[in-house]
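Q: Take a look at data.cif, mmCIF, C-alpha atoms:
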```
data_model
loop_
_atom_site.group_PDB
_atom_site.id
_atom_site.type_symbol
_atom_site.label_atom_id
_atom_site.label_comp_id
_atom_site.auth_asym_id
_atom_site.auth_seq_id
_atom_site.Cartn_x
_atom_site.Cartn_y
_atom_site.Cartn_z
ATOM 1 C CA MET A 87 33.946 31.199 -1.695
ATOM 2 C CA ILE A 88 31.366 33.539 -3.220
ATOM 3 C CA GLU A 89 34.031 35.530 -5.090
ATOM 4 C CA ASP A 90 35.370 32.278 -6.549
ATOM 5 C CA SER A 91 31.891 31.328 -7.779
ATOM 6 C CA LEU A 92 31.399 34.773 -9.344
ATOM 7 C CA SER A 93 34.765 34.837 -11.080
ATOM 8 C CA GLU A 94 34.315 31.271 -12.362
ATOM 9 C CA ALA A 95 30.848 32.150 -13.696
ATOM 10 C CA LYS A 96 32.194 35.284 -15.392
ATOM 11 C CA THR A 97 34.981 33.288 -17.061
ATOM 12 C CA LYS A 98 32.622 30.568 -18.249
ATOM 13 C CA MET A 99 30.116 33.129 -19.569
ATOM 14 C CA GLY A 100 32.930 34.801 -21.517
ATOM 15 C CA LYS A 101 33.814 31.437 -22.999
ATOM 16 C CA ALA A 102 30.168 30.918 -24.025
ATOM 17 C CA VAL A 103 30.247 34.267 -25.871
ATOM 18 C CA ASP A 104 33.538 33.299 -27.558
ATOM 19 C CA SER A 105 32.023 29.981 -28.571
ATOM 20 C CA ALA A 106 29.055 31.804 -30.114
ATOM 21 C CA LYS A 107 31.500 34.009 -32.074
ATOM 22 C CA GLU A 108 33.241 30.921 -33.431
ATOM 23 C CA ASP A 109 29.905 29.315 -34.321
ATOM 24 C CA PHE A 110 28.835 32.459 -36.167
ATOM 25 C CA ALA A 111 32.142 32.574 -38.060
ATOM 26 C CA SER A 112 31.456 29.092 -39.385
ATOM 27 C CA VAL A 113 28.281 30.329 -41.107
ATOM 28 C CA ARG A 114 28.947 31.508 -44.614
ATOM 29 C CA THR A 115 28.088 35.008 -45.735
ATOM 30 C CA GLY A 116 29.526 35.734 -49.166
ATOM 31 C CA ARG A 117 32.946 34.282 -49.749
ATOM 32 C CA ALA A 118 33.801 30.656 -49.100
ATOM 33 C CA ASN A 119 36.536 30.395 -46.473
ATOM 34 C CA PRO A 120 38.188 27.561 -44.547
ATOM 35 C CA SER A 121 36.528 28.560 -41.251
ATOM 36 C CA LEU A 122 33.296 27.156 -42.709
ATOM 37 C CA PHE A 123 34.781 23.702 -42.207
ATOM 38 C CA SER A 124 36.235 24.308 -38.726
ATOM 39 C CA GLY A 125 33.593 22.210 -36.968
ATOM 40 C CA LEU A 126 33.769 19.197 -39.306
ATOM 41 C CA LEU A 127 35.226 15.978 -37.976
ATOM 42 C CA VAL A 128 36.423 13.344 -40.446
ATOM 43 C CA ASP A 129 36.469 9.663 -39.481
ATOM 44 C CA TYR A 130 40.208 9.132 -40.057
ATOM 45 C CA TYR A 131 41.375 5.600 -39.254
ATOM 46 C CA GLY A 132 38.498 5.199 -36.828
ATOM 47 C CA ALA A 133 39.120 8.450 -34.913
ATOM 48 C CA PRO A 134 37.127 11.662 -35.410
ATOM 49 C CA THR A 135 39.747 14.178 -36.584
ATOM 50 C CA PRO A 136 39.240 17.893 -37.374
ATOM 51 C CA LEU A 137 39.380 18.545 -41.115
ATOM 52 C CA GLN A 138 41.986 21.329 -40.629
ATOM 53 C CA GLN A 139 44.442 18.704 -39.339
ATOM 54 C CA LEU A 140 44.009 16.509 -42.417
ATOM 55 C CA ALA A 141 44.207 18.968 -45.295
ATOM 56 C CA SER A 142 45.285 22.358 -46.565
ATOM 57 C CA PHE A 143 42.851 24.867 -48.058
ATOM 58 C CA GLN A 144 43.106 27.202 -51.033
ATOM 59 C CA ASN A 145 40.539 29.739 -52.139
ATOM 60 C CA PRO A 146 40.980 30.298 -55.910
ATOM 61 C CA GLU A 147 37.542 31.907 -56.418
ATOM 62 C CA ALA A 148 34.877 33.497 -54.227
ATOM 63 C CA ARG A 149 32.660 30.411 -54.047
ATOM 64 C CA THR A 150 35.296 27.696 -54.548
ATOM 65 C CA LEU A 151 37.663 26.026 -52.112
ATOM 66 C CA LEU A 152 40.359 23.494 -52.947
ATOM 67 C CA ILE A 153 41.015 21.001 -50.188
ATOM 68 C CA THR A 154 44.287 19.097 -50.521
ATOM 69 C CA PRO A 155 44.619 16.193 -48.062
ATOM 70 C CA TYR A 156 48.055 15.546 -46.605
ATOM 71 C CA ASP A 157 47.272 11.825 -46.847
ATOM 72 C CA LYS A 158 45.631 10.841 -50.165
ATOM 73 C CA SER A 159 43.991 7.820 -48.514
ATOM 74 C CA ALA A 160 41.767 10.223 -46.539
ATOM 75 C CA LEU A 161 40.307 11.722 -49.732
ATOM 76 C CA GLY A 162 37.161 9.574 -49.713
ATOM 77 C CA ASP A 163 36.486 10.107 -46.002
ATOM 78 C CA ILE A 164 36.884 13.884 -46.349
ATOM 79 C CA GLU A 165 34.567 13.952 -49.359
ATOM 80 C CA LYS A 166 31.956 11.885 -47.506
ATOM 81 C CA THR A 167 32.101 14.221 -44.487
ATOM 82 C CA LEU A 168 31.689 17.289 -46.722
ATOM 83 C CA ARG A 169 28.758 15.731 -48.555
ATOM 84 C CA ASN A 170 26.987 14.852 -45.275
ATOM 85 C CA SER A 171 27.557 18.276 -43.679
ATOM 86 C CA ASP A 172 24.809 20.885 -43.450
ATOM 87 C CA LEU A 173 26.849 23.407 -45.472
ATOM 88 C CA GLY A 174 25.127 22.642 -48.768
ATOM 89 C CA ALA A 175 28.531 22.021 -50.348
ATOM 90 C CA ASN A 176 28.945 19.850 -53.410
ATOM 91 C CA PRO A 177 32.454 18.320 -53.293
ATOM 92 C CA ALA A 178 34.111 16.956 -56.438
ATOM 93 C CA ASN A 179 37.068 14.598 -56.051
ATOM 94 C CA ASP A 180 39.658 14.433 -58.856
ATOM 95 C CA GLY A 181 41.960 11.952 -57.107
ATOM 96 C CA ASN A 182 44.357 14.574 -55.717
ATOM 97 C CA VAL A 183 42.224 17.421 -54.416
ATOM 98 C CA ILE A 184 38.615 18.022 -53.516
ATOM 99 C CA ARG A 185 37.011 21.005 -55.197
ATOM 100 C CA VAL A 186 34.128 22.394 -53.164
ATOM 101 C CA VAL A 187 31.798 24.803 -54.935
ATOM 102 C CA MET A 188 29.479 26.529 -52.503
ATOM 103 C CA PRO A 189 25.966 27.158 -53.794
ATOM 104 C CA GLU A 190 24.868 30.694 -54.662
ATOM 105 C CA LEU A 191 23.265 32.381 -51.685
ATOM 106 C CA THR A 192 19.599 32.629 -52.547
ATOM 107 C CA GLU A 193 17.195 34.511 -50.325
ATOM 108 C CA GLU A 194 15.811 31.194 -49.073
ATOM 109 C CA ARG A 195 19.315 29.952 -48.211
ATOM 110 C CA ARG A 196 20.112 33.250 -46.442
ATOM 111 C CA LYS A 197 16.967 32.891 -44.316
ATOM 112 C CA GLU A 198 17.955 29.311 -43.518
ATOM 113 C CA TYR A 199 21.366 30.580 -42.367
ATOM 114 C CA VAL A 200 19.648 33.227 -40.206
ATOM 115 C CA ARG A 201 17.560 30.483 -38.568
ATOM 116 C CA MET A 202 20.709 28.425 -38.004
ATOM 117 C CA VAL A 203 22.542 31.403 -36.457
ATOM 118 C CA SER A 204 19.514 32.193 -34.270
ATOM 119 C CA GLY A 205 19.574 28.614 -32.991
ATOM 120 C CA LYS A 206 23.294 28.882 -32.202
ATOM 121 C CA ALA A 207 22.649 32.163 -30.356
ATOM 122 C CA GLU A 208 19.870 30.568 -28.319
ATOM 123 C CA ASP A 209 22.207 27.687 -27.416
ATOM 124 C CA ALA A 210 24.772 30.239 -26.193
ATOM 125 C CA ARG A 211 22.112 32.077 -24.149
ATOM 126 C CA VAL A 212 21.005 28.781 -22.567
ATOM 127 C CA SER A 213 24.625 28.018 -21.739
ATOM 128 C CA VAL A 214 25.005 31.404 -20.010
ATOM 129 C CA ARG A 215 21.785 30.838 -18.057
ATOM 130 C CA ASN A 216 22.947 27.372 -16.976
ATOM 131 C CA ILE A 217 26.208 28.896 -15.729
ATOM 132 C CA ARG A 218 24.159 31.483 -13.806
ATOM 133 C CA ARG A 219 22.026 28.742 -12.229
ATOM 134 C CA THR A 220 25.096 26.787 -11.116
ATOM 135 C CA ALA A 221 26.739 29.882 -9.612
ATOM 136 C CA LYS A 222 23.493 30.953 -7.901
ATOM 137 C CA THR A 223 23.159 27.511 -6.338
ATOM 138 C CA ALA A 224 26.746 27.749 -5.047
ATOM 139 C CA ILE A 225 26.056 31.217 -3.587
ATOM 140 C CA GLU A 226 22.846 30.060 -1.895
ATOM 141 C CA LYS A 227 24.670 27.044 -0.467
ATOM 142 C CA ALA A 228 27.433 29.283 0.929
ATOM 143 C CA VAL A 229 24.849 31.517 2.629
ATOM 144 C CA LYS A 230 22.915 28.519 3.970
ATOM 145 C CA ASP A 231 26.064 26.859 5.331
ATOM 146 C CA GLY A 232 27.062 30.097 7.051
ATOM 147 C CA ASP A 233 30.218 30.616 4.971
ATOM 148 C CA ALA A 234 28.861 34.017 3.893
ATOM 149 C CA GLY A 235 26.368 36.537 5.191
ATOM 150 C CA GLU A 236 22.954 37.103 3.688
ATOM 151 C CA ASP A 237 23.887 40.631 2.535
ATOM 152 C CA GLU A 238 26.992 39.310 0.815
ATOM 153 C CA GLY A 239 24.876 36.612 -0.857
ATOM 154 C CA ASN A 240 22.355 39.181 -2.104
ATOM 155 C CA ARG A 241 25.143 41.404 -3.438
ATOM 156 C CA ALA A 242 26.733 38.435 -5.205
ATOM 157 C CA GLU A 243 23.396 37.433 -6.769
ATOM 158 C CA LYS A 244 22.892 40.983 -8.074
ATOM 159 C CA GLU A 245 26.372 40.970 -9.557
ATOM 160 C CA LEU A 246 25.708 37.562 -11.082
ATOM 161 C CA GLU A 247 22.509 38.876 -12.698
ATOM 162 C CA GLU A 248 24.413 41.875 -14.101
ATOM 163 C CA GLN A 249 27.068 39.590 -15.589
ATOM 164 C CA THR A 250 24.400 37.330 -17.064
ATOM 165 C CA LYS A 251 22.591 40.281 -18.626
ATOM 166 C CA LYS A 252 25.843 41.705 -20.002
ATOM 167 C CA HIS A 253 26.868 38.418 -21.640
ATOM 168 C CA ILE A 254 23.424 37.772 -23.101
ATOM 169 C CA GLU A 255 23.451 41.298 -24.563
ATOM 170 C CA GLN A 256 26.847 40.544 -26.159
ATOM 171 C CA ILE A 257 25.392 37.405 -27.741
ATOM 172 C CA ASP A 258 22.362 39.362 -28.988
ATOM 173 C CA GLU A 259 24.647 42.032 -30.492
ATOM 174 C CA LEU A 260 26.715 39.359 -32.263
ATOM 175 C CA LEU A 261 23.497 37.808 -33.570
ATOM 176 C CA LYS A 262 22.192 41.143 -34.819
ATOM 177 C CA ARG A 263 25.448 41.850 -36.701
ATOM 178 C CA LYS A 264 25.554 38.366 -38.223
ATOM 179 C CA GLU A 265 21.906 38.566 -39.342
ATOM 180 C CA ALA A 266 22.558 41.919 -41.015
ATOM 181 C CA GLU A 267 25.636 40.448 -42.701
ATOM 182 C CA LEU A 268 23.679 37.422 -43.923
ATOM 183 C CA LEU A 269 20.715 39.372 -45.233
ATOM 184 C CA ALA A 270 22.796 42.009 -47.053
ATOM 185 C CA VAL A 271 22.721 41.215 -50.754
#
```
Please go through the file and, once you have read it, give me the structure as C-alpha cells.

A:
Amino acid sequence: MIEDSLSEAKTKMGKAVDSAKEDFASVRTGRANPSLFSGLLVDYYGAPTPLQQLASFQNPEARTLLITPYDKSALGDIEKTLRNSDLGANPANDGNVIRVVMPELTEERRKEYVRMVSGKAEDARVSVRNIRRTAKTAIEKAVKDGDAGEDEGNRAEKELEEQTKKHIEQIDELLKRKEAELLAV
C-alpha cells in the first residue's frame, strides 16, 4: 500500500518535471521553431485541435516560420489563434501560407520571457507539492487504518520528502538553465 503510494508519487513527480521541460521548450530563445506553437489549439470545425495536426512548418530564416495548413479553409482560424497567442507573433496570410515573423528579442521581451518561465516553474513546483500532499495523506491513512506500522509510515514520509526535494531541484535547475539561455544576448 505505502510502496504503491510512493511509486505513484515518484512517477507523477517525474511527469511534472517533464511537463516543465516541455513548457520551457515552448518559450523562444533565439531562433523561431515549431515547438513554440506546440501548446496552441485552433478552433477547427468547433473542436479545439493542436496546430501541429493542422499544418506543416518550415523555417526559412531565423525569425520566420512558414505555416502551411493541410486544409486551406483553416487558414483564417489558424491566423486568428496565432494573433491571439501570447507569443508576440505577427502572422501574415497570403491565401496559401501564413508567414509568422517573430519580433526581435529586446531586453524587455527577454525579461518578460524570464517572468513567464518563472511562472511555469512555480506551477510545476506546486504540482509536485500537491502530489506530495496526496501521497502523504495516503500514507497517514494507511498507518491510521493499521495497514502499515508507524515506523514504516515515517520511513515512507522521509522518502517522499527526498523525492519531492529531488524533483523540485530538477525544476529549479531547468529554470536556471532556461533563464541563462534567455538572458544571453

Q: Going by the chain IDs and residue numbers used in this file, which residues fall under the PyMOL selection byres ((chain A and resi 226) around 12)? Write them as a compact mmCIF listing (two decimals) with C-alpha atoms, in the coordinates of the input.

A:
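File selection-v1.txt, as written:
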```txt
# COMPACT_ATOMS: atom_id res chain seq x y z
CA MET A 87 33.95 31.20 -1.70
CA ILE A 88 31.37 33.54 -3.22
CA SER A 91 31.89 31.33 -7.78
CA ARG A 219 22.03 28.74 -12.23
CA THR A 220 25.10 26.79 -11.12
CA ALA A 221 26.74 29.88 -9.61
CA LYS A 222 23.49 30.95 -7.90
CA THR A 223 23.16 27.51 -6.34
CA ALA A 224 26.75 27.75 -5.05
CA ILE A 225 26.06 31.22 -3.59
CA LYS A 227 24.67 27.04 -0.47
CA ALA A 228 27.43 29.28 0.93
CA VAL A 229 24.85 31.52 2.63
CA LYS A 230 22.92 28.52 3.97
CA ASP A 231 26.06 26.86 5.33
CA GLY A 232 27.06 30.10 7.05
CA ASP A 233 30.22 30.62 4.97
CA ALA A 234 28.86 34.02 3.89
CA GLY A 235 26.37 36.54 5.19
CA GLU A 236 22.95 37.10 3.69
CA ASP A 237 23.89 40.63 2.54
CA GLU A 238 26.99 39.31 0.82
CA GLY A 239 24.88 36.61 -0.86
CA ASN A 240 22.36 39.18 -2.10
CA ARG A 241 25.14 41.40 -3.44
CA ALA A 242 26.73 38.44 -5.20
CA GLU A 243 23.40 37.43 -6.77
```

Q: Neighbouring residues of region 204-217 of chain A were defined as those with any atom within 9 Å, considering all atoms listed in the file; residues of the same chain fewer than 6 positions away were excluded. Please report them as a ChimeraX atom specification.

A: /A:95-96,98-100,102-103,105-106,109-110,250,253-254,257-258,260-261,265

Q: CA of Met188 (chain A) and CA of Asn176 (chain A) are how many Å apart?

A: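 For CA of Met188 (chain A) relative to CA of Asn176 (chain A), the distance reads 6.8 Å.
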
Q: If we count only C-alpha atoms and set the cut-off at 10 Å, which residues sit around region 177-183 of chain A, ignoring sequence neighbours fewer than 5 positions away in its own chain? Please answer as a list of chain:residue names.

A: A:Ala141, A:Ser142, A:Phe143, A:Thr150, A:Leu151, A:Leu152, A:Ile153, A:Thr154, A:Pro155, A:Tyr156, A:Asp157, A:Lys158, A:Ser159, A:Leu161, A:Gly162, A:Ile164, A:Glu165, A:Lys166, A:Thr167, A:Leu168, A:Arg169, A:Met188

Q: So how many Å separate CA of Lys252 (chain A) and CA of Thr97 (chain A), to one decimal?

A: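 Rounded to one decimal, the two atoms are 12.8 Å apart.
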
Q: What is the distance between CA of Glu248 (chain A) and CA of Asp104 (chain A), in Å to one decimal?

A: 18.4 Å

Q: Care to translate the PyMOL selection byres ((chain A and resi 198) around 12) into actual residues of this file, as a ChimeraX atom specification?

A: /A:113-115,172-174,191-197,199-205,265,268-269

Q: Could you take the residues named above and write them with C-alpha atoms, as a PDB file, in the coordinates of the input?

A:
```
ATOM      1  CA  VAL A 113      28.281  30.329 -41.107  1.00  0.00           C
ATOM      2  CA  ARG A 114      28.947  31.508 -44.614  1.00  0.00           C
ATOM      3  CA  THR A 115      28.088  35.008 -45.735  1.00  0.00           C
ATOM      4  CA  ASP A 172      24.809  20.885 -43.450  1.00  0.00           C
ATOM      5  CA  LEU A 173      26.849  23.407 -45.472  1.00  0.00           C
ATOM      6  CA  GLY A 174      25.127  22.642 -48.768  1.00  0.00           C
ATOM      7  CA  LEU A 191      23.265  32.381 -51.685  1.00  0.00           C
ATOM      8  CA  THR A 192      19.599  32.629 -52.547  1.00  0.00           C
ATOM      9  CA  GLU A 193      17.195  34.511 -50.325  1.00  0.00           C
ATOM     10  CA  GLU A 194      15.811  31.194 -49.073  1.00  0.00           C
ATOM     11  CA  ARG A 195      19.315  29.952 -48.211  1.00  0.00           C
ATOM     12  CA  ARG A 196      20.112  33.250 -46.442  1.00  0.00           C
ATOM     13  CA  LYS A 197      16.967  32.891 -44.316  1.00  0.00           C
ATOM     14  CA  TYR A 199      21.366  30.580 -42.367  1.00  0.00           C
ATOM     15  CA  VAL A 200      19.648  33.227 -40.206  1.00  0.00           C
ATOM     16  CA  ARG A 201      17.560  30.483 -38.568  1.00  0.00           C
ATOM     17  CA  MET A 202      20.709  28.425 -38.004  1.00  0.00           C
ATOM     18  CA  VAL A 203      22.542  31.403 -36.457  1.00  0.00           C
ATOM     19  CA  SER A 204      19.514  32.193 -34.270  1.00  0.00           C
ATOM     20  CA  GLY A 205      19.574  28.614 -32.991  1.00  0.00           C
ATOM     21  CA  GLU A 265      21.906  38.566 -39.342  1.00  0.00           C
ATOM     22  CA  LEU A 268      23.679  37.422 -43.923  1.00  0.00           C
ATOM     23  CA  LEU A 269      20.715  39.372 -45.233  1.00  0.00           C
TER      24      LEU A 269
END
```

Q: Looking at all atoms listed in the file, which of A:Asp163, A:Glu247, A:Ser121, A:Pro189 is the one that sits closest to Asn145 (chain A)?

A: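 Using all atoms listed in the file, the shortest distance to Asn145 (chain A) belongs to A:Ser121.
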
Q: Considering only C-alpha atoms, state which residue in the set A:Val187, A:Lys107, A:Pro134, A:Pro120 is at the smallest distance from Glu259 (chain A).

A: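 Closest to Glu259 (chain A), using only C-alpha atoms: A:Lys107.
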
Q: Please, what is the axis-aligned box for every listed atom of region 162-175 of chain A with 4 Å on each side, as centre and edge lengths in Å to one decimal, as AutoDock Vina command-line options?

A:
```
--center_x 31.0 --center_y 16.5 --center_z -46.9 --size_x 20.4 --size_y 21.8 --size_z 14.9
```

Q: Nearest to Ala160 (chain A) among A:Asp90, A:Gly132, A:Ala111, A:Lys101, with distances taken over all atoms listed in the file: which residue is it?

A: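 Closest candidate: A:Gly132.
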